[in-house]
$ cat structure.tsv   # TSV, C-alpha atoms and all ligand atoms
chain	number	residue	atom	x	y	z
A	76	MET	CA	0.30	-4.08	-12.75
A	77	ASP	CA	1.23	-6.43	-15.53
A	78	ASP	CA	-0.76	-6.04	-18.72
A	79	LEU	CA	-2.91	-9.17	-18.99
A	80	ARG	CA	-3.23	-8.72	-22.76
A	81	ALA	CA	0.55	-8.74	-23.28
A	82	ARG	CA	1.58	-11.12	-26.05
A	83	ILE	CA	3.87	-14.02	-25.16
A	84	THR	CA	5.38	-16.13	-27.98
A	85	LYS	CA	5.22	-19.94	-28.01
A	86	ASP	CA	8.77	-19.87	-26.59
A	87	GLY	CA	7.52	-17.83	-23.62
A	88	ILE	CA	9.11	-14.58	-24.80
A	89	ARG	CA	7.17	-11.41	-24.03
A	90	ILE	CA	6.55	-8.92	-26.84
A	91	TYR	CA	6.65	-5.38	-25.45
A	92	GLU	CA	4.88	-2.32	-26.85
A	93	ASP	CA	6.48	0.71	-28.55
A	94	ALA	CA	5.87	2.79	-25.42
A	95	ASP	CA	7.84	0.30	-23.30
A	96	PHE	CA	11.08	1.19	-25.10
A	97	ALA	CA	11.13	4.49	-23.20
A	98	GLY	CA	11.15	2.66	-19.86
A	99	MET	CA	14.05	0.45	-20.90
A	100	ARG	CA	15.92	3.43	-22.33
A	101	ALA	CA	15.71	5.23	-19.00
A	102	ALA	CA	16.77	2.19	-16.96
A	103	GLY	CA	19.59	1.29	-19.34
A	104	ARG	CA	20.87	4.83	-19.28
A	105	VAL	CA	21.12	4.95	-15.49
A	106	ALA	CA	23.01	1.63	-15.39
A	107	ALA	CA	25.41	2.85	-18.10
A	108	GLU	CA	25.95	6.21	-16.38
A	109	ILE	CA	26.88	4.42	-13.17
A	110	LEU	CA	29.43	2.29	-15.04
A	111	ASP	CA	30.83	5.46	-16.62
A	112	ALA	CA	31.25	6.95	-13.14
A	113	VAL	CA	33.10	3.83	-11.92
A	114	ALA	CA	35.98	4.24	-14.39
A	115	PRO	CA	38.20	6.64	-12.36
A	116	LEU	CA	37.92	4.43	-9.26
A	117	VAL	CA	39.58	1.43	-10.89
A	118	VAL	CA	43.21	1.86	-9.84
A	119	PRO	CA	45.85	-0.39	-8.28
A	120	GLY	CA	45.59	-0.47	-4.48
A	121	THR	CA	41.82	-0.04	-4.22
A	122	THR	CA	39.41	-2.86	-3.44
A	123	THR	CA	36.33	-4.17	-5.21
A	124	ALA	CA	34.38	-3.40	-2.01
A	125	VAL	CA	35.22	0.30	-2.45
A	126	ILE	CA	33.91	0.17	-6.03
A	127	ASP	CA	30.73	-1.62	-4.92
A	128	ASP	CA	30.14	0.89	-2.10
A	129	PHE	CA	30.43	3.69	-4.65
A	130	ILE	CA	27.85	1.95	-6.87
A	131	THR	CA	25.50	1.50	-3.90
A	132	ASP	CA	25.79	5.24	-3.16
A	133	GLU	CA	25.23	6.20	-6.83
A	134	ILE	CA	22.08	4.06	-6.98
A	135	ARG	CA	20.75	5.67	-3.80
A	136	ARG	CA	21.70	9.20	-4.91
A	137	ARG	CA	19.74	8.72	-8.14
A	138	GLY	CA	16.68	7.44	-6.28
A	139	VAL	CA	16.64	4.13	-8.19
A	140	THR	CA	16.82	0.53	-6.94
A	141	SER	CA	19.50	-2.17	-7.12
A	142	ALA	CA	18.17	-5.35	-8.74
A	143	THR	CA	20.91	-7.50	-7.21
A	144	ILE	CA	20.71	-6.59	-3.50
A	145	GLY	CA	18.44	-9.29	-2.09
A	146	TYR	CA	18.31	-11.23	-5.37
A	147	LYS	CA	18.55	-14.95	-4.44
A	148	GLY	CA	20.38	-13.91	-1.28
A	149	TYR	CA	22.99	-11.77	-3.09
A	150	LYS	CA	24.00	-8.80	-0.92
A	151	HIS	CA	25.77	-6.35	-3.24
A	152	ALA	CA	24.92	-3.69	-5.82
A	153	SER	CA	27.37	-5.13	-8.35
A	154	CYS	CA	29.23	-8.24	-9.37
A	155	ILE	CA	32.96	-7.58	-9.82
A	156	SER	CA	34.88	-10.34	-11.57
A	157	VAL	CA	38.68	-10.03	-11.56
A	158	ASN	CA	41.06	-11.82	-13.96
A	159	HIS	CA	40.13	-15.55	-14.04
A	160	VAL	CA	36.74	-14.89	-12.41
A	161	VAL	CA	34.21	-15.42	-15.21
A	162	CYS	CA	31.17	-13.77	-13.58
A	163	HIS	CA	29.30	-13.20	-10.30
A	164	GLY	CA	32.45	-12.15	-8.44
A	165	ILE	CA	31.54	-10.89	-4.96
A	166	PRO	CA	32.99	-7.47	-4.04
A	167	GLY	CA	35.49	-7.75	-1.19
A	168	GLN	CA	38.67	-6.57	0.48
A	169	LYS	CA	41.25	-7.98	-1.95
A	170	LEU	CA	43.53	-5.24	-3.33
A	171	LEU	CA	43.57	-4.64	-7.07
A	172	MET	CA	47.06	-5.02	-8.55
A	173	ASP	CA	48.63	-3.28	-11.54
A	174	GLY	CA	47.40	-5.03	-14.70
A	175	ASP	CA	44.32	-6.68	-13.14
A	176	ILE	CA	41.32	-6.73	-15.49
A	177	LEU	CA	37.80	-6.72	-14.09
A	178	ASN	CA	34.21	-6.84	-15.18
A	179	VAL	CA	31.74	-4.69	-13.25
A	180	ASP	CA	28.09	-5.73	-13.73
A	181	VAL	CA	25.26	-3.47	-12.52
A	182	THR	CA	21.51	-3.94	-12.77
A	183	VAL	CA	19.13	-1.18	-11.68
A	184	ILE	CA	15.37	-0.89	-11.56
A	185	VAL	CA	13.97	2.46	-12.76
A	186	ASP	CA	10.18	2.91	-12.60
A	187	GLY	CA	9.87	-0.89	-12.69
A	188	TRP	CA	12.16	-1.39	-15.71
A	189	TYR	CA	15.45	-3.32	-15.49
A	190	GLY	CA	18.71	-2.00	-16.95
A	191	ASP	CA	21.47	-4.64	-16.95
A	192	THR	CA	24.98	-3.94	-18.27
A	193	SER	CA	28.58	-4.85	-17.63
A	194	ARG	CA	31.91	-3.88	-19.05
A	195	MET	CA	35.64	-4.37	-18.56
A	196	TYR	CA	38.10	-2.12	-16.70
A	197	VAL	CA	41.82	-2.32	-16.04
A	198	ALA	CA	43.73	-1.28	-12.92
A	199	GLY	CA	46.89	0.43	-14.15
A	200	GLN	CA	48.64	-0.85	-17.24
A	201	LEU	CA	46.78	-3.16	-19.63
A	202	ALA	CA	48.95	-6.12	-20.68
A	203	ARG	CA	48.99	-7.19	-24.33
A	204	LYS	CA	47.19	-10.54	-23.91
A	205	ALA	CA	44.53	-9.05	-21.65
A	206	GLU	CA	43.97	-6.24	-24.13
A	207	ARG	CA	43.49	-8.76	-26.92
A	208	LEU	CA	41.00	-10.76	-24.79
A	209	ILE	CA	39.01	-7.63	-24.00
A	210	GLU	CA	39.03	-6.55	-27.65
A	211	VAL	CA	37.78	-9.94	-28.86
A	212	THR	CA	35.07	-10.12	-26.18
A	213	HIS	CA	33.81	-6.64	-27.02
A	214	GLU	CA	33.83	-7.39	-30.75
A	215	GLY	CA	32.02	-10.67	-30.06
A	216	LEU	CA	29.24	-8.79	-28.25
A	217	MET	CA	28.95	-6.25	-31.07
A	218	ARG	CA	28.78	-9.01	-33.71
A	219	GLY	CA	26.03	-10.67	-31.69
A	220	ILE	CA	24.16	-7.36	-31.53
A	221	ALA	CA	24.60	-6.92	-35.30
A	222	ALA	CA	22.65	-10.18	-35.78
A	223	VAL	CA	19.63	-8.81	-33.87
A	224	LYS	CA	16.76	-8.04	-36.25
A	225	PRO	CA	13.28	-9.43	-36.86
A	226	GLY	CA	13.40	-12.71	-38.79
A	227	ASN	CA	16.83	-13.71	-37.55
A	228	THR	CA	17.00	-16.26	-34.72
A	229	PHE	CA	18.66	-16.44	-31.32
A	230	GLY	CA	20.93	-19.08	-32.85
A	231	ASP	CA	22.15	-16.47	-35.32
A	232	ILE	CA	23.28	-14.32	-32.39
A	233	GLY	CA	25.14	-17.18	-30.70
A	234	TYR	CA	26.66	-18.30	-33.96
A	235	ALA	CA	27.96	-14.80	-34.78
A	236	ILE	CA	29.68	-14.58	-31.38
A	237	GLN	CA	31.09	-18.12	-31.34
A	238	ALA	CA	32.37	-18.11	-34.93
A	239	TYR	CA	34.25	-14.86	-34.35
A	240	VAL	CA	35.66	-15.71	-30.91
A	241	GLU	CA	36.85	-19.18	-31.88
A	242	ALA	CA	38.47	-17.85	-35.06
A	243	GLN	CA	40.56	-15.70	-32.68
A	244	ARG	CA	41.57	-18.92	-30.82
A	245	MET	CA	39.65	-18.00	-27.68
A	246	SER	CA	36.66	-19.80	-26.14
A	247	VAL	CA	33.04	-18.91	-25.37
A	248	VAL	CA	31.72	-19.85	-21.91
A	249	ARG	CA	28.73	-22.22	-22.16
A	250	ASP	CA	27.68	-22.30	-18.50
A	251	PHE	CA	26.12	-18.81	-18.37
A	252	CYS	CA	23.91	-17.00	-20.83
A	253	GLY	CA	22.03	-13.79	-21.51
A	254	HIS	CA	18.33	-13.53	-20.72
A	255	GLY	CA	15.08	-11.81	-21.46
A	256	LEU	CA	14.35	-8.83	-19.21
A	257	GLY	CA	11.98	-5.89	-19.02
A	258	ARG	CA	9.75	-5.49	-15.98
A	259	VAL	CA	11.56	-8.58	-14.64
A	260	PHE	CA	15.26	-9.32	-14.17
A	261	HIS	CA	15.50	-12.75	-15.79
A	262	ALA	CA	12.90	-14.06	-18.23
A	263	PRO	CA	12.86	-16.39	-21.26
A	264	PRO	CA	14.71	-16.95	-23.46
A	265	ASN	CA	18.17	-18.10	-22.47
A	266	VAL	CA	20.38	-16.12	-24.84
A	267	LEU	CA	23.23	-18.49	-25.68
A	268	HIS	CA	26.54	-17.03	-26.82
A	269	TYR	CA	27.22	-20.02	-29.06
A	270	GLY	CA	25.03	-21.95	-31.48
A	271	ARG	CA	23.95	-22.71	-34.99
A	272	ALA	CA	22.73	-20.19	-37.55
A	273	GLY	CA	18.96	-20.45	-37.96
A	274	ALA	CA	18.44	-22.37	-34.71
A	275	GLY	CA	16.34	-21.23	-31.77
A	276	PRO	CA	13.38	-18.86	-31.48
A	277	VAL	CA	12.79	-16.27	-34.20
A	278	LEU	CA	13.46	-12.66	-33.18
A	279	GLU	CA	10.46	-10.34	-33.21
A	280	GLU	CA	10.09	-6.61	-32.78
A	281	GLY	CA	9.41	-5.82	-29.12
A	282	MET	CA	11.61	-8.51	-27.56
A	283	PHE	CA	13.90	-7.21	-24.79
A	284	PHE	CA	16.97	-9.21	-23.71
A	285	THR	CA	20.62	-9.08	-22.75
A	286	ILE	CA	23.63	-10.32	-24.67
A	287	GLU	CA	26.57	-10.85	-22.31
A	288	PRO	CA	29.27	-13.13	-23.71
A	289	MET	CA	32.03	-14.39	-21.44
A	290	VAL	CA	35.23	-15.24	-23.32
A	291	ASN	CA	38.24	-17.15	-21.97
A	292	LEU	CA	41.84	-17.09	-23.18
A	293	GLY	CA	42.00	-20.81	-22.38
A	294	ARG	CA	39.34	-23.51	-22.18
A	295	PRO	CA	35.62	-22.71	-21.77
A	296	GLU	CA	34.91	-24.76	-18.63
A	297	THR	CA	33.99	-22.99	-15.40
A	298	LYS	CA	33.36	-23.92	-11.79
A	299	VAL	CA	31.53	-22.14	-9.00
A	300	LEU	CA	33.45	-21.58	-5.76
A	301	ALA	CA	32.24	-22.57	-2.27
A	302	ASP	CA	30.61	-19.14	-1.80
A	303	ASP	CA	28.01	-20.42	-4.32
A	304	TRP	CA	28.42	-17.33	-6.55
A	305	THR	CA	31.97	-16.81	-7.86
A	306	ALA	CA	32.42	-18.56	-11.21
A	307	VAL	CA	36.03	-19.07	-12.31
A	308	THR	CA	37.77	-20.66	-15.29
A	309	ARG	CA	38.74	-24.25	-14.46
A	310	ASP	CA	42.14	-23.78	-16.10
A	311	LYS	CA	42.68	-20.38	-14.33
A	312	SER	CA	42.94	-18.60	-17.69
A	313	LEU	CA	41.86	-14.95	-17.99
A	314	SER	CA	38.21	-14.27	-18.73
A	315	ALA	CA	36.36	-11.17	-19.96
A	316	GLN	CA	32.71	-10.16	-20.41
A	317	PHE	CA	30.64	-7.29	-21.82
A	318	GLU	CA	26.86	-6.98	-21.48
A	319	HIS	CA	24.23	-4.81	-23.14
A	320	SER	CA	20.45	-4.77	-22.74
A	321	VAL	CA	18.78	-4.46	-26.15
A	322	GLY	CA	15.33	-4.22	-27.70
A	323	VAL	CA	14.39	-5.56	-31.14
A	324	THR	CA	13.11	-2.81	-33.47
A	325	ALA	CA	11.47	-3.06	-36.91
A	326	THR	CA	14.86	-2.95	-38.63
A	327	GLY	CA	17.42	-4.12	-36.05
A	328	CYS	CA	17.84	-3.27	-32.42
A	329	GLU	CA	18.21	-0.47	-29.93
A	330	ILE	CA	21.00	-0.73	-27.34
A	331	PHE	CA	19.54	0.55	-24.07
A	332	THR	CA	22.85	0.56	-22.17
A	333	GLN	CA	25.14	2.61	-24.43
A	334	SER	CA	27.73	4.58	-22.48
A	335	PRO	CA	26.69	8.26	-22.52
A	336	ALA	CA	30.37	9.18	-22.00
A	337	GLY	CA	31.62	6.81	-24.72
A	338	LYS	CA	33.54	4.75	-22.13
A	339	PHE	CA	32.08	1.29	-22.76
A	340	HIS	CA	35.51	-0.13	-23.70
A	341	PRO	CA	38.45	0.43	-21.30
A	342	THR	CA	40.65	1.97	-23.99
A	343	TRP	CA	37.95	4.53	-24.92
A	344	GLY	CA	37.10	7.89	-23.32
B	1	LIG	N1	23.65	-8.88	-13.66
B	1	LIG	C1	23.81	-10.32	-13.76
B	1	LIG	C2	23.30	-10.69	-15.13
B	1	LIG	O1	23.85	-10.21	-16.07
B	1	LIG	C3	23.10	-11.07	-12.70
B	1	LIG	C4	23.70	-10.88	-11.38
B	1	LIG	S1	22.74	-11.68	-10.22
B	1	LIG	C5	23.62	-11.45	-8.80
B	1	LIG	O2	22.33	-11.36	-15.33
B	1	LIG	F1	22.82	-11.81	-7.86
B	1	LIG	F2	24.73	-12.14	-8.88
B	1	LIG	F3	23.93	-10.17	-8.67
B	2	CO	CO	22.34	-10.02	-17.49
B	3	CO	CO	24.44	-8.20	-15.71
$ encode --input "structure.tsv" --output "structure tokens"
Amino acid sequence: MDDLRARITKDGIRIYEDADFAGMRAAGRVAAEILDAVAPLVVPGTTTAVIDDFITDEIRRRGVTSATIGYKGYKHASCISVNHVVCHGIPGQKLLMDGDILNVDVTVIVDGWYGDTSRMYVAGQLARKAERLIEVTHEGLMRGIAAVKPGNTFGDIGYAIQAYVEAQRMSVVRDFCGHGLGRVFHAPPNVLHYGRAGAGPVLEEGMFFTIEPMVNLGRPETKVLADDWTAVTRDKSLSAQFEHSVGVTATGCEIFTQSPAGKFHPTWG
């Protein structure tokens, strides 16, 4: 049951207890381990449905629960977003081609706690421009995470990401954001990946949320396809995304979804 004495800030953000970090650590670890296990499957000639079936099996084998199957009518254990798909790509029968880049996003529930993470993969050979996009997106996430500490604001996180990404002549997607999570999938606040330093709610120890910037090589605008899920870049430019679930500590933050195998970035491990 939910703790009725739990503190909620004036912005509606729940402050979790020290003991709750262990729950998030366990959930984040399972999600990250599953993404580690996906890496060898991403090859030219396979399909995103094969990858999603593998993730469904891994979730079952570990005795945990998919947060996305049944969520608002979504039917899959992952979102797989290829090339100009920004997010919420639906796994399917399309063959991966040499040089395709893809984000795989998995959320699991472990003992009631949500672990939400996504990262980029490449099928075959990584092209120079795609590699640069992935590098900048990953660095943008890490700069956002570096801004997480008590006393800073959510605007500081968005500003850190946006300032870096735009200096690299790429764009930050505005239409999707990170989110609070914990014993729920999506909770306040909206974690924007752009913004002004000092704006937004103040970060406090015990806040749990995701940071999940989407970065485009071209313009930031997106549109959602007729399937009501798949978001693509309007100008068809390549898009990348990385996502971590984090918790604010006394001095900074803990990343709950670190890759145990050190494979968070496609050129690592
Ligand atoms: N995991 C996604 C996020 O980062 C949400 C996916 S919802 C789904 O918030 F229904 F599309 F799976
Ligand atoms: Co998320
Ligand atoms: Co996610």
$ residues_around --input "structure.tsv" --residues "A:Pro276" --least-positions-apart "4" --cutoff "8 Å" --atoms "only C-alpha atoms" --output "list in words"
Asp86, Thr228, Phe229 and Gly230 of chain A
$ closest_residue --input "structure.tsv" --among "A:Met245, A:Ile90, A:Ala112, A:Cys252" --to "ligand LIG 1 (chain B)" --atoms "all atoms listed in the file"
A:Cys252
$ residues_around --input "structure.tsv" --residues "stretch 128-135 of chain A" --least-positions-apart "5" --cutoff "9 Å" --atoms "all atoms listed in the file" --output "PyMOL selection string"
chain A and resi 105-106+109-110+112-113+116+123+140-141+151-153+181+183
$ residues_near_ligand --input "structure.tsv" --ligand "ligand CO 2 (chain B)" --cutoff "8 Å" --atoms "only C-alpha atoms and all ligand atoms" --output "PyMOL selection string"
chain A and resi 182+191-192+252-254+260-261+285-287+318-320
$ atom_distance --input "structure.tsv" --atom1 "atom CA of A:Arg207" --atom2 "atom S1 of ligand LIG 1 (chain B)"
26.8 Å
$ atom_distance --input "structure.tsv" --atom1 "atom CA of A:Tyr149" --atom2 "atom CA of A:Ile126"
16.4 Å
$ closest_residue --input "structure.tsv" --among "A:Phe331, A:Phe283, A:Trp343, A:Tyr196" --to "A:Val118" --atoms "only C-alpha atoms"
A:Tyr196
$ residues_around --input "structure.tsv" --residues "A:Ile88" --least-positions-apart "6" --cutoff "12 Å" --atoms "all atoms listed in the file" --output "PDB file with C-alpha atoms, in the coordinates of the input"
ATOM      1  CA  ALA A  81       0.550  -8.740 -23.280  1.00  0.00           C
ATOM      2  CA  ARG A  82       1.580 -11.120 -26.050  1.00  0.00           C
ATOM      3  CA  PHE A 229      18.660 -16.440 -31.320  1.00  0.00           C
ATOM      4  CA  HIS A 254      18.330 -13.530 -20.720  1.00  0.00           C
ATOM      5  CA  GLY A 255      15.080 -11.810 -21.460  1.00  0.00           C
ATOM      6  CA  LEU A 256      14.350  -8.830 -19.210  1.00  0.00           C
ATOM      7  CA  GLY A 257      11.980  -5.890 -19.020  1.00  0.00           C
ATOM      8  CA  HIS A 261      15.500 -12.750 -15.790  1.00  0.00           C
ATOM      9  CA  ALA A 262      12.900 -14.060 -18.230  1.00  0.00           C
ATOM     10  CA  PRO A 263      12.860 -16.390 -21.260  1.00  0.00           C
ATOM     11  CA  PRO A 264      14.710 -16.950 -23.460  1.00  0.00           C
ATOM     12  CA  ASN A 265      18.170 -18.100 -22.470  1.00  0.00           C
ATOM     13  CA  VAL A 266      20.380 -16.120 -24.840  1.00  0.00           C
ATOM     14  CA  PRO A 276      13.380 -18.860 -31.480  1.00  0.00           C
ATOM     15  CA  VAL A 277      12.790 -16.270 -34.200  1.00  0.00           C
ATOM     16  CA  LEU A 278      13.460 -12.660 -33.180  1.00  0.00           C
ATOM     17  CA  GLU A 279      10.460 -10.340 -33.210  1.00  0.00           C
ATOM     18  CA  GLU A 280      10.090  -6.610 -32.780  1.00  0.00           C
ATOM     19  CA  GLY A 281       9.410  -5.820 -29.120  1.00  0.00           C
ATOM     20  CA  MET A 282      11.610  -8.510 -27.560  1.00  0.00           C
ATOM     21  CA  PHE A 283      13.900  -7.210 -24.790  1.00  0.00           C
ATOM     22  CA  PHE A 284      16.970  -9.210 -23.710  1.00  0.00           C
TER      23      PHE A 284
END
$ atom_distance --input "structure.tsv" --atom1 "atom N1 of ligand LIG 1 (chain B)" --atom2 "atom CA of A:Arg80"
28.4 Å
$ closest_residue --input "structure.tsv" --among "A:Ser193, A:Thr326, A:Gln200, A:Thr332" --to "ligand LIG 1 (chain B)" --atoms "all atoms listed in the file"
A:Ser193
$ residues_around --input "structure.tsv" --residues "A:Thr297" --least-positions-apart "2" --cutoff "6 Å" --atoms "all atoms listed in the file" --output "PyMOL selection string"
chain A and resi 307-309
$ closest_residue --input "structure.tsv" --among "A:Asp186, A:Glu241, A:Glu92, A:Asp303" --to "A:His163" --atoms "only C-alpha atoms"
A:Asp303
$ residues_around --input "structure.tsv" --residues "A:Val160" --least-positions-apart "2" --cutoff "7 Å" --atoms "only C-alpha atoms" --output "PDB file with C-alpha atoms, in the coordinates of the input"
ATOM      1  CA  SER A 156      34.880 -10.340 -11.570  1.00  0.00           C
ATOM      2  CA  VAL A 157      38.680 -10.030 -11.560  1.00  0.00           C
ATOM      3  CA  ASN A 158      41.060 -11.820 -13.960  1.00  0.00           C
ATOM      4  CA  CYS A 162      31.170 -13.770 -13.580  1.00  0.00           C
ATOM      5  CA  GLY A 164      32.450 -12.150  -8.440  1.00  0.00           C
ATOM      6  CA  THR A 305      31.970 -16.810  -7.860  1.00  0.00           C
ATOM      7  CA  ALA A 306      32.420 -18.560 -11.210  1.00  0.00           C
ATOM      8  CA  VAL A 307      36.030 -19.070 -12.310  1.00  0.00           C
ATOM      9  CA  THR A 308      37.770 -20.660 -15.290  1.00  0.00           C
ATOM     10  CA  SER A 314      38.210 -14.270 -18.730  1.00  0.00           C
TER      11      SER A 314
END
$ closest_residue --input "structure.tsv" --among "A:Pro115, A:Gly174, A:Gly337, A:Pro288" --to "A:Glu214" --atoms "all atoms listed in the file"
A:Pro288
$ closest_residue --input "structure.tsv" --among "A:Pro166, A:Gly219, A:Thr122, A:Ile184" --to "A:Arg137" --atoms "only C-alpha atoms"
A:Ile184
$ axis_aligned_box --input "structure.tsv" --around "ligand LIG 1 (chain B)" --padding-each-side "6 Å" --output "lines of an AutoDock Vina configuration file"
center_x = 23.5
center_y = -10.5
center_z = -12.0
size_x = 14.4
size_y = 15.3
size_z = 20.2
$ decode --input "structure.tsv" --residues "stretch 183-199 of chain A" --atoms "N, CA and C atoms" --output "compact mmCIF listing (two decimals), in the first residue's frame"
# COMPACT_ATOMS: atom_id res chain seq x y z
N VAL A 183 10.53 -2.17 -16.62
CA VAL A 183 10.08 -3.34 -15.86
C VAL A 183 9.59 -2.91 -14.48
N ILE A 184 8.77 -3.76 -13.91
CA ILE A 184 8.31 -3.55 -12.53
C ILE A 184 8.87 -4.70 -11.70
N VAL A 185 9.65 -4.35 -10.66
CA VAL A 185 10.28 -5.33 -9.78
C VAL A 185 9.84 -5.02 -8.35
N ASP A 186 9.09 -5.93 -7.75
CA ASP A 186 8.56 -5.70 -6.39
C ASP A 186 7.85 -4.35 -6.28
N GLY A 187 7.16 -3.96 -7.35
CA GLY A 187 6.39 -2.72 -7.33
C GLY A 187 7.15 -1.48 -7.78
N TRP A 188 8.46 -1.60 -7.97
CA TRP A 188 9.28 -0.45 -8.38
C TRP A 188 9.53 -0.48 -9.88
N TYR A 189 9.54 0.71 -10.51
CA TYR A 189 9.68 0.81 -11.97
C TYR A 189 11.12 1.16 -12.35
N GLY A 190 11.68 0.38 -13.28
CA GLY A 190 12.99 0.66 -13.84
C GLY A 190 12.82 0.94 -15.33
N ASP A 191 13.18 2.15 -15.75
CA ASP A 191 12.91 2.63 -17.12
C ASP A 191 14.22 3.09 -17.72
N THR A 192 14.63 2.46 -18.82
CA THR A 192 15.89 2.85 -19.46
C THR A 192 15.85 2.55 -20.95
N SER A 193 16.58 3.34 -21.71
CA SER A 193 16.72 3.06 -23.14
C SER A 193 18.11 3.45 -23.58
N ARG A 194 18.54 2.82 -24.65
CA ARG A 194 19.85 3.14 -25.21
C ARG A 194 19.87 2.85 -26.69
N MET A 195 20.96 3.27 -27.34
CA MET A 195 21.08 3.12 -28.79
C MET A 195 21.89 1.88 -29.16
N TYR A 196 21.53 1.30 -30.29
CA TYR A 196 22.25 0.16 -30.88
C TYR A 196 22.43 0.44 -32.36
N VAL A 197 23.35 -0.29 -32.97
CA VAL A 197 23.51 -0.20 -34.43
C VAL A 197 23.51 -1.61 -35.01
N ALA A 198 22.83 -1.76 -36.15
CA ALA A 198 22.90 -3.03 -36.90
C ALA A 198 24.04 -2.90 -37.89
N GLY A 199 25.09 -3.70 -37.70
CA GLY A 199 26.21 -3.64 -38.64
C GLY A 199 27.09 -2.44 -38.39
